[in-house]
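Visitor: Okay, handing you the structure first.
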Amino acid sequence: MNGKIRIVGAASGLGAQDRGCADGPVAFHRSQAWHELQGHPCLDWGPLLFAADARAGSAMARIASFCRRLANEVARVRVAGDFPLVIGGDHSIAVGTWSGVARAVGAPLGLLWIDAHLDSHTPESSYSGAVHGMPLACLLGRGDKRLLNLGLAGAQVSAAHTVVLGPRSYEAEEMAFLRALGVRIIESDEIAARGFAACLHEAQAIVAAAPAGFGLTLDLDVIDPGSAPGVGSPEPDGLWDGDVLAALARLATLPGLLAVEIAEYNPDRDQQGQTARLMAELISEMLPGLVERL
């Protein structure tokens, strides 16, 4: 066992309307929940990246610069033989995370995107202009040119091996875009009808079939806000936290998993550290499976 599970803090809220997510990695690092985890011999808190301030240019330019730095760091972690665990930060950080992994492995990835939203707008389709609603489109090769080609030329993830699990709030333009590319979307209504376990089984089969391996990105807002209040864009009627904990424990055992990302922790909206504790539980559930691959 030579490698480590290396946490990369992605402290940017530039892509969100509520920028409190920028404080998420630092708040989690200072939390009692992290303190109880940090003694694990295979878990190491690595670099903490911060977004540039307003003097560095427009929000989009600063997001692009941040994502390039994050891509470089995640690629470095992978190449060094460690396992990247990225803690954000609003979900625009995903452009950097998965571009870096794609660069390290040299091919587009499969990606399991667990989220209350589709995050697949382009600047032309977005109603709000918020970049945290655009990262999956960018990873699939569509969006502001400054957020494209950060790891590979073209798409960073394979549409045929990408699944969005759990969305319950989105616009028609995003759905049409993803369906045209062949991305599998398993909405909350389908999960309620078929059961979470059956939907997860289908999703993991699709993403794990990607030849270069796959990634897992979890937006905490997919979980019901009663269990995870500390998120930037809460949506009612979310997934049960027990299902998500079990899912991450299962996914961590799959041999093709290349990295994990947990996004959208907003400590300003947390209640008595409830969401921070849930994040620590999520990491703890994954640890046995992740340690096996080191």
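A note on labels: chains of the structure tokens are A, B, ... as shown, every chain counts residues from 1, and ligands are counted from 1 in their shown order.
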List every residue of stretch 45-256 of chain A that DSSP, applied to the backbone, labels as strand (DSSP E), and write the result as a ChimeraX atom specification.

Guide: /A:45-50,83-88,109-114,157-165,184-186,214-219

Visitor: Might you pull out every residue within 7 Å of stretch 134-142 of chain A, with only C-alpha atoms counted and same-chain residues fewer than 4 positions away left off, and present them as a VMD selection string?

Guide: chain A and resid 92 94 to 95 119 to 122 147 to 148 154 to 157 159

Visitor: Residues of the last selection are to be written out with N, CA and C atoms, as a short mmCIF file (atom, residue, chain, number, x, y, z; two decimals), in the first residue's frame.

Guide:
data_model
loop_
_atom_site.label_atom_id
_atom_site.label_comp_id
_atom_site.auth_asym_id
_atom_site.auth_seq_id
_atom_site.Cartn_x
_atom_site.Cartn_y
_atom_site.Cartn_z
N SER A 92 -19.38 24.04 -10.47
CA SER A 92 -18.55 24.38 -11.63
C SER A 92 -17.15 23.80 -11.50
N ALA A 94 -16.41 20.91 -11.17
CA ALA A 94 -16.36 19.62 -11.87
C ALA A 94 -15.63 19.71 -13.20
N VAL A 95 -15.66 20.88 -13.83
CA VAL A 95 -14.93 21.04 -15.09
C VAL A 95 -13.45 20.79 -14.87
N ASP A 119 -27.38 20.38 -14.52
CA ASP A 119 -26.12 21.11 -14.68
C ASP A 119 -25.60 21.08 -16.11
N SER A 120 -26.53 21.17 -17.07
CA SER A 120 -26.16 20.98 -18.48
C SER A 120 -26.62 22.12 -19.38
N HIS A 121 -26.70 23.31 -18.81
CA HIS A 121 -26.96 24.48 -19.64
C HIS A 121 -25.70 24.90 -20.39
N THR A 122 -25.90 25.64 -21.45
CA THR A 122 -24.83 26.40 -22.10
C THR A 122 -25.10 27.88 -21.82
N LEU A 147 -13.84 27.04 -20.89
CA LEU A 147 -14.04 25.89 -20.02
C LEU A 147 -13.94 24.57 -20.76
N LEU A 148 -13.53 24.62 -22.02
CA LEU A 148 -13.43 23.41 -22.83
C LEU A 148 -11.97 23.02 -23.03
N GLY A 154 -11.56 18.12 -26.99
CA GLY A 154 -12.91 17.60 -27.15
C GLY A 154 -13.53 17.24 -25.81
N ALA A 155 -14.43 16.27 -25.83
CA ALA A 155 -15.15 15.89 -24.62
C ALA A 155 -14.22 15.23 -23.61
N GLN A 156 -14.47 15.54 -22.34
CA GLN A 156 -13.70 14.92 -21.25
C GLN A 156 -14.37 13.65 -20.73
N VAL A 157 -15.67 13.54 -20.95
CA VAL A 157 -16.41 12.36 -20.53
C VAL A 157 -17.18 11.81 -21.72
N ALA A 159 -20.40 10.46 -23.40
CA ALA A 159 -21.84 10.56 -23.21
C ALA A 159 -22.47 9.18 -23.04
#

Visitor: Fewer than 5 positions away in the same chain doesn't count, so skip those; otherwise give me all residues within 7 Å of stretch 40-46 of chain A, counting only C-alpha atoms, as an mmCIF file with all heavy atoms, in the first residue's frame.

Guide:
data_model
loop_
_atom_site.group_PDB
_atom_site.id
_atom_site.type_symbol
_atom_site.label_atom_id
_atom_site.label_comp_id
_atom_site.auth_asym_id
_atom_site.auth_seq_id
_atom_site.Cartn_x
_atom_site.Cartn_y
_atom_site.Cartn_z
ATOM 1 N N LYS A 4 -2.160 7.228 -1.246
ATOM 2 C CA LYS A 4 -3.041 7.847 -0.263
ATOM 3 C C LYS A 4 -4.340 8.268 -0.950
ATOM 4 O O LYS A 4 -4.386 8.463 -2.169
ATOM 5 C CB LYS A 4 -2.387 9.103 0.334
ATOM 6 C CG LYS A 4 -1.180 8.833 1.195
ATOM 7 C CD LYS A 4 -1.571 8.588 2.632
ATOM 8 C CE LYS A 4 -0.361 8.603 3.552
ATOM 9 N NZ LYS A 4 -0.752 8.366 4.964
ATOM 10 N N ILE A 5 -5.384 8.410 -0.161
ATOM 11 C CA ILE A 5 -6.579 9.100 -0.619
ATOM 12 C C ILE A 5 -6.328 10.569 -0.327
ATOM 13 O O ILE A 5 -6.262 10.985 0.828
ATOM 14 C CB ILE A 5 -7.826 8.598 0.123
ATOM 15 C CG1 ILE A 5 -8.001 7.096 -0.121
ATOM 16 C CG2 ILE A 5 -9.066 9.364 -0.323
ATOM 17 C CD1 ILE A 5 -8.854 6.415 0.916
ATOM 18 N N ARG A 6 -6.102 11.335 -1.384
ATOM 19 C CA ARG A 6 -5.632 12.714 -1.247
ATOM 20 C C ARG A 6 -6.800 13.676 -1.447
ATOM 21 O O ARG A 6 -7.379 13.740 -2.528
ATOM 22 C CB ARG A 6 -4.552 12.996 -2.280
ATOM 23 C CG ARG A 6 -3.822 14.302 -2.093
ATOM 24 C CD ARG A 6 -2.709 14.167 -1.079
ATOM 25 N NE ARG A 6 -1.691 13.201 -1.492
ATOM 26 C CZ ARG A 6 -0.718 12.754 -0.702
ATOM 27 N NH1 ARG A 6 -0.623 13.184 0.533
ATOM 28 N NH2 ARG A 6 0.147 11.877 -1.146
ATOM 29 N N ILE A 7 -7.160 14.392 -0.395
ATOM 30 C CA ILE A 7 -8.234 15.376 -0.508
ATOM 31 C C ILE A 7 -7.688 16.660 -1.112
ATOM 32 O O ILE A 7 -6.662 17.192 -0.677
ATOM 33 C CB ILE A 7 -8.877 15.661 0.859
ATOM 34 C CG1 ILE A 7 -9.581 14.402 1.365
ATOM 35 C CG2 ILE A 7 -9.866 16.821 0.762
ATOM 36 C CD1 ILE A 7 -10.244 14.556 2.716
ATOM 37 N N VAL A 8 -8.392 17.131 -2.143
ATOM 38 C CA VAL A 8 -8.091 18.413 -2.764
ATOM 39 C C VAL A 8 -9.270 19.334 -2.475
ATOM 40 O O VAL A 8 -10.403 19.059 -2.884
ATOM 41 C CB VAL A 8 -7.890 18.276 -4.285
ATOM 42 C CG1 VAL A 8 -7.601 19.641 -4.910
ATOM 43 C CG2 VAL A 8 -6.764 17.290 -4.588
ATOM 44 N N VAL A 291 -9.538 2.227 0.028
ATOM 45 C CA VAL A 291 -8.245 1.753 0.540
ATOM 46 C C VAL A 291 -7.796 0.503 -0.219
ATOM 47 O O VAL A 291 -6.591 0.310 -0.467
ATOM 48 C CB VAL A 291 -8.349 1.475 2.051
ATOM 49 C CG1 VAL A 291 -7.152 0.675 2.545
ATOM 50 C CG2 VAL A 291 -8.468 2.789 2.820
#

Visitor: Counting only C-alpha atoms, what is within 7 Å of stretch 101-107 of chain A, bar same-chain residues fewer than 2 positions away, as a list in words?

Guide: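 So, after excluding close chain neighbours, the residues are Val74, Ala75, Arg78, Val79, Thr97, Trp98, Ser99, Leu109, Gly151, Leu152, Gln156 and Ala212 of chain A.
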
Visitor: Could you check the closest approach to A:Leu111 for each of A:Asp270, A:Glu285, A:Asp23, A:Glu261 and tell me which residue wins, using only C-alpha atoms?

Guide: A:Glu261

Visitor: Just how far from atom CA of A:Thr217 is atom CA of A:Pro108, in Å to one decimal?

Guide: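 If I compute the distance from atom CA of A:Pro108 to atom CA of A:Thr217, I get 15.3 Å.
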
Visitor: Between A:Ala172, A:Val222, A:Leu118, A:Ala130, single out the one closest to A:Asp18, counting only C-alpha atoms.

Guide: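 With only C-alpha atoms as the atom set, the closest residue is A:Ala130.
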
Visitor: Atom CA of A:Ile191 and atom CA of A:Gly273, how far apart in Å?

Guide: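 Computing the Euclidean distance for atom CA of A:Gly273 and atom CA of A:Ile191 yields 28.3 Å.
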
Visitor: Using the chain letters and numbers from this document, which residues of stretch 23-150 of chain A does DSSP assign to helix (DSSP H, G or I), as a VMD selection string?

Guide: chain A and resid 23 to 30 32 to 37 54 to 56 59 to 79 91 to 105 131 to 133 135 to 139 145 to 147

Visitor: May I have the selected residues written with C-alpha atoms, as an mmCIF file, in the first residue's frame?

Guide:
data_model
loop_
_atom_site.group_PDB
_atom_site.id
_atom_site.type_symbol
_atom_site.label_atom_id
_atom_site.label_comp_id
_atom_site.auth_asym_id
_atom_site.auth_seq_id
_atom_site.Cartn_x
_atom_site.Cartn_y
_atom_site.Cartn_z
ATOM 1 C CA ASP A 23 -16.194 28.472 2.274
ATOM 2 C CA GLY A 24 -17.195 24.808 2.162
ATOM 3 C CA PRO A 25 -13.764 23.129 2.062
ATOM 4 C CA VAL A 26 -12.274 25.319 4.807
ATOM 5 C CA ALA A 27 -15.342 24.911 7.031
ATOM 6 C CA PHE A 28 -15.304 21.154 6.586
ATOM 7 C CA HIS A 29 -11.565 20.992 7.273
ATOM 8 C CA ARG A 30 -12.139 22.855 10.550
ATOM 9 C CA GLN A 32 -15.361 18.275 14.364
ATOM 10 C CA ALA A 33 -16.619 15.794 11.760
ATOM 11 C CA TRP A 34 -13.341 16.031 9.809
ATOM 12 C CA HIS A 35 -11.306 15.991 13.020
ATOM 13 C CA GLU A 36 -12.747 12.564 13.808
ATOM 14 C CA LEU A 37 -11.765 11.269 10.355
ATOM 15 C CA ALA A 54 -12.288 40.254 -8.672
ATOM 16 C CA ARG A 55 -9.093 42.026 -9.715
ATOM 17 C CA ALA A 56 -8.203 38.956 -11.800
ATOM 18 C CA ALA A 59 -16.198 35.705 -13.154
ATOM 19 C CA MET A 60 -15.979 33.390 -16.172
ATOM 20 C CA ALA A 61 -12.275 34.093 -16.636
ATOM 21 C CA ARG A 62 -11.647 33.410 -12.935
ATOM 22 C CA ILE A 63 -13.677 30.192 -13.046
ATOM 23 C CA ALA A 64 -11.691 29.044 -16.074
ATOM 24 C CA SER A 65 -8.397 29.861 -14.368
ATOM 25 C CA PHE A 66 -9.491 28.026 -11.218
ATOM 26 C CA CYS A 67 -10.597 24.967 -13.197
ATOM 27 C CA ARG A 68 -7.260 24.843 -15.040
ATOM 28 C CA ARG A 69 -5.415 24.892 -11.717
ATOM 29 C CA LEU A 70 -7.718 22.245 -10.291
ATOM 30 C CA ALA A 71 -7.276 20.067 -13.392
ATOM 31 C CA ASN A 72 -3.510 20.339 -13.035
ATOM 32 C CA GLU A 73 -3.651 19.354 -9.360
ATOM 33 C CA VAL A 74 -6.033 16.429 -9.843
ATOM 34 C CA ALA A 75 -3.953 15.114 -12.749
ATOM 35 C CA ARG A 76 -0.829 15.386 -10.593
ATOM 36 C CA VAL A 77 -2.492 13.421 -7.778
ATOM 37 C CA ARG A 78 -3.553 10.656 -10.183
ATOM 38 C CA VAL A 79 -0.153 10.425 -11.855
ATOM 39 C CA HIS A 91 -20.337 22.387 -8.927
ATOM 40 C CA SER A 92 -18.552 24.382 -11.629
ATOM 41 C CA ILE A 93 -15.412 22.860 -10.093
ATOM 42 C CA ALA A 94 -16.358 19.617 -11.865
ATOM 43 C CA VAL A 95 -14.933 21.042 -15.090
ATOM 44 C CA GLY A 96 -11.521 21.080 -13.461
ATOM 45 C CA THR A 97 -11.810 17.812 -11.562
ATOM 46 C CA TRP A 98 -12.842 15.612 -14.463
ATOM 47 C CA SER A 99 -10.679 17.357 -17.041
ATOM 48 C CA GLY A 100 -7.710 16.575 -14.804
ATOM 49 C CA VAL A 101 -8.675 12.916 -14.461
ATOM 50 C CA ALA A 102 -9.264 12.602 -18.222
ATOM 51 C CA ARG A 103 -5.824 14.085 -18.888
ATOM 52 C CA ALA A 104 -4.191 11.671 -16.452
ATOM 53 C CA VAL A 105 -5.757 8.593 -18.050
ATOM 54 C CA VAL A 131 -21.873 28.532 -14.291
ATOM 55 C CA HIS A 132 -22.601 25.836 -11.696
ATOM 56 C CA GLY A 133 -25.554 25.009 -13.941
ATOM 57 C CA PRO A 135 -20.344 21.956 -15.940
ATOM 58 C CA LEU A 136 -21.696 18.695 -17.344
ATOM 59 C CA ALA A 137 -22.323 20.352 -20.709
ATOM 60 C CA CYS A 138 -18.735 21.631 -20.674
ATOM 61 C CA LEU A 139 -17.374 18.170 -19.912
ATOM 62 C CA LYS A 145 -14.657 27.981 -24.900
ATOM 63 C CA ARG A 146 -12.600 28.929 -21.828
ATOM 64 C CA LEU A 147 -14.036 25.894 -20.017
#

Visitor: Nearest to A:Ala228 among A:Pro267, A:Pro167, A:Gly9, A:Gly81, with distances taken over only C-alpha atoms: which residue is it?

Guide: A:Pro267

Visitor: Which residue gives the smallest distance to A:Arg250 among A:Asn149, A:Gln204, A:Asn2, A:Gln17, with only C-alpha atoms counted?

Guide: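 Closest to A:Arg250, using only C-alpha atoms: A:Gln204.
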
Visitor: Please compute the atom CA of A:Met279-atom CA of A:Val164 distance, one decimal, in Å.

Guide: 20.2 Å

Visitor: Can you work out which one of A:Gly242, A:Pro225, A:Gly15, A:Gly195 has the shortest atom-to-atom distance to A:Leu282, counting only C-alpha atoms?

Guide: A:Gly242

Visitor: Go through A:Gly166, A:Ala198, A:Ser284, A:Ala203 and flag the residue nearest A:Asp237, using only C-alpha atoms for the distances.

Guide: A:Gly166

Visitor: Please list as number ranges by chain every residue within 10 Å of A:Ile185, counting only C-alpha atoms and excluding residues in the same chain fewer than 2 positions away.

Guide: A: 113, 118, 162-167, 175, 178-179, 182-183, 187-188, 190, 203

Visitor: Given the selection you just returned, output its residues as a file containing N, CA and C atoms, formatted as a JSON list (two decimals), in the first residue's frame.

Guide:
[["chain", "number", "residue", "atom", "x", "y", "z"],
["A", 113, "TRP", "N", -23.11, 11.20, -12.28],
["A", 113, "TRP", "CA", -23.39, 12.55, -11.80],
["A", 113, "TRP", "C", -24.64, 12.46, -10.94],
["A", 118, "LEU", "N", -29.55, 19.00, -13.50],
["A", 118, "LEU", "CA", -28.85, 18.42, -14.64],
["A", 118, "LEU", "C", -27.52, 19.12, -14.93],
["A", 162, "THR", "N", -22.17, 8.11, -19.38],
["A", 162, "THR", "CA", -22.50, 9.12, -18.37],
["A", 162, "THR", "C", -23.95, 8.94, -17.95],
["A", 163, "VAL", "N", -24.18, 9.00, -16.65],
["A", 163, "VAL", "CA", -25.52, 8.88, -16.09],
["A", 163, "VAL", "C", -25.73, 10.01, -15.10],
["A", 164, "VAL", "N", -26.88, 10.67, -15.19],
["A", 164, "VAL", "CA", -27.31, 11.63, -14.17],
["A", 164, "VAL", "C", -28.36, 10.93, -13.32],
["A", 165, "LEU", "N", -28.09, 10.81, -12.03],
["A", 165, "LEU", "CA", -28.95, 10.06, -11.12],
["A", 165, "LEU", "C", -29.57, 11.02, -10.11],
["A", 166, "GLY", "N", -30.90, 11.05, -10.06],
["A", 166, "GLY", "CA", -31.59, 11.79, -9.02],
["A", 166, "GLY", "C", -32.08, 13.19, -9.34],
["A", 167, "PRO", "N", -32.04, 13.67, -10.59],
["A", 167, "PRO", "CA", -32.47, 15.05, -10.82],
["A", 167, "PRO", "C", -33.97, 15.22, -10.60],
["A", 175, "MET", "N", -32.48, 18.97, -20.59],
["A", 175, "MET", "CA", -32.92, 17.61, -20.85],
["A", 175, "MET", "C", -32.77, 17.26, -22.33],
["A", 178, "LEU", "N", -28.99, 16.70, -23.22],
["A", 178, "LEU", "CA", -28.44, 15.43, -22.76],
["A", 178, "LEU", "C", -29.03, 14.24, -23.50],
["A", 179, "ARG", "N", -30.33, 14.28, -23.74],
["A", 179, "ARG", "CA", -30.96, 13.17, -24.46],
["A", 179, "ARG", "C", -30.44, 13.06, -25.88],
["A", 182, "GLY", "N", -27.39, 11.07, -25.83],
["A", 182, "GLY", "CA", -27.52, 9.71, -25.36],
["A", 182, "GLY", "C", -27.14, 9.50, -23.91],
["A", 183, "VAL", "N", -27.09, 10.58, -23.12],
["A", 183, "VAL", "CA", -26.81, 10.45, -21.70],
["A", 183, "VAL", "C", -28.04, 9.84, -21.01],
["A", 187, "GLU", "N", -34.41, 10.02, -13.32],
["A", 187, "GLU", "CA", -35.01, 11.07, -12.52],
["A", 187, "GLU", "C", -35.54, 10.53, -11.20],
["A", 188, "SER", "N", -35.86, 11.45, -10.31],
["A", 188, "SER", "CA", -36.35, 11.06, -8.99],
["A", 188, "SER", "C", -37.65, 10.28, -9.08],
["A", 190, "GLU", "N", -38.51, 8.18, -11.44],
["A", 190, "GLU", "CA", -38.17, 6.82, -11.83],
["A", 190, "GLU", "C", -37.58, 6.06, -10.64],
["A", 203, "ALA", "N", -27.21, 2.33, -13.29],
["A", 203, "ALA", "CA", -26.28, 3.44, -13.48],
["A", 203, "ALA", "C", -24.83, 2.98, -13.39]]

Visitor: If we count only C-alpha atoms and set the cut-off at 9 Å, which residues sit around A:Thr275, ignoring sequence neighbours fewer than 5 positions away in its own chain? Please answer as an MDAnalysis selection string.

Guide: chainID A and resid 220 227:231 265:267 270 280

Visitor: Could you write out the selected residues, including all heavy atoms, as a compact mmCIF listing (two decimals), in the first residue's frame?

Guide:
# COMPACT_ATOMS: atom_id res chain seq x y z
N LEU A 220 -24.36 17.56 -3.06
CA LEU A 220 -25.07 17.28 -1.82
C LEU A 220 -26.55 17.65 -1.88
O LEU A 220 -27.34 17.15 -1.08
CB LEU A 220 -24.39 18.00 -0.66
CG LEU A 220 -23.01 17.46 -0.28
CD1 LEU A 220 -22.27 18.47 0.59
CD2 LEU A 220 -23.11 16.12 0.45
N SER A 227 -31.92 16.23 5.67
CA SER A 227 -30.68 15.57 6.09
C SER A 227 -29.44 16.36 5.71
O SER A 227 -28.39 16.23 6.35
CB SER A 227 -30.59 14.18 5.46
OG SER A 227 -31.66 13.37 5.87
N ALA A 228 -29.53 17.17 4.65
CA ALA A 228 -28.39 17.95 4.16
C ALA A 228 -28.83 19.38 3.88
O ALA A 228 -28.98 19.78 2.72
CB ALA A 228 -27.80 17.31 2.91
N PRO A 229 -29.05 20.18 4.94
CA PRO A 229 -29.50 21.55 4.73
C PRO A 229 -28.42 22.49 4.19
O PRO A 229 -28.74 23.52 3.58
CB PRO A 229 -29.95 22.00 6.12
CG PRO A 229 -29.13 21.16 7.06
CD PRO A 229 -28.97 19.83 6.37
N GLY A 230 -27.14 22.13 4.40
CA GLY A 230 -26.05 23.03 4.07
C GLY A 230 -25.61 22.94 2.63
O GLY A 230 -24.48 22.55 2.33
N VAL A 231 -26.51 23.31 1.71
CA VAL A 231 -26.21 23.30 0.28
C VAL A 231 -26.62 24.62 -0.35
O VAL A 231 -27.46 25.34 0.18
CB VAL A 231 -26.91 22.12 -0.44
CG1 VAL A 231 -26.43 20.79 0.11
CG2 VAL A 231 -28.42 22.23 -0.34
N TYR A 265 -21.16 22.08 -0.76
CA TYR A 265 -21.34 22.28 0.67
C TYR A 265 -21.30 23.77 0.98
O TYR A 265 -20.31 24.45 0.70
CB TYR A 265 -20.26 21.54 1.48
CG TYR A 265 -20.35 21.82 2.96
CD1 TYR A 265 -21.57 21.76 3.63
CD2 TYR A 265 -19.22 22.16 3.71
CE1 TYR A 265 -21.67 22.03 4.99
CE2 TYR A 265 -19.30 22.42 5.06
CZ TYR A 265 -20.53 22.36 5.70
OH TYR A 265 -20.62 22.62 7.05
N ASN A 266 -22.39 24.27 1.57
CA ASN A 266 -22.49 25.68 1.93
C ASN A 266 -22.65 25.79 3.44
O ASN A 266 -23.75 25.60 3.96
CB ASN A 266 -23.69 26.31 1.21
CG ASN A 266 -23.76 27.82 1.38
OD1 ASN A 266 -23.36 28.34 2.40
ND2 ASN A 266 -24.27 28.51 0.37
N PRO A 267 -21.57 26.08 4.16
CA PRO A 267 -21.66 26.10 5.62
C PRO A 267 -22.58 27.19 6.16
O PRO A 267 -23.08 27.06 7.28
CB PRO A 267 -20.21 26.31 6.05
CG PRO A 267 -19.53 26.94 4.87
CD PRO A 267 -20.21 26.37 3.66
N ASP A 270 -25.78 25.46 6.74
CA ASP A 270 -25.80 24.24 7.54
C ASP A 270 -26.46 24.52 8.89
O ASP A 270 -26.57 25.67 9.32
CB ASP A 270 -24.37 23.72 7.73
CG ASP A 270 -24.32 22.22 7.96
OD1 ASP A 270 -25.39 21.58 7.97
OD2 ASP A 270 -23.21 21.69 8.12
N ALA A 280 -18.72 13.65 6.33
CA ALA A 280 -17.76 12.75 6.97
C ALA A 280 -18.25 11.31 6.91
O ALA A 280 -17.46 10.39 6.68
CB ALA A 280 -17.52 13.18 8.41
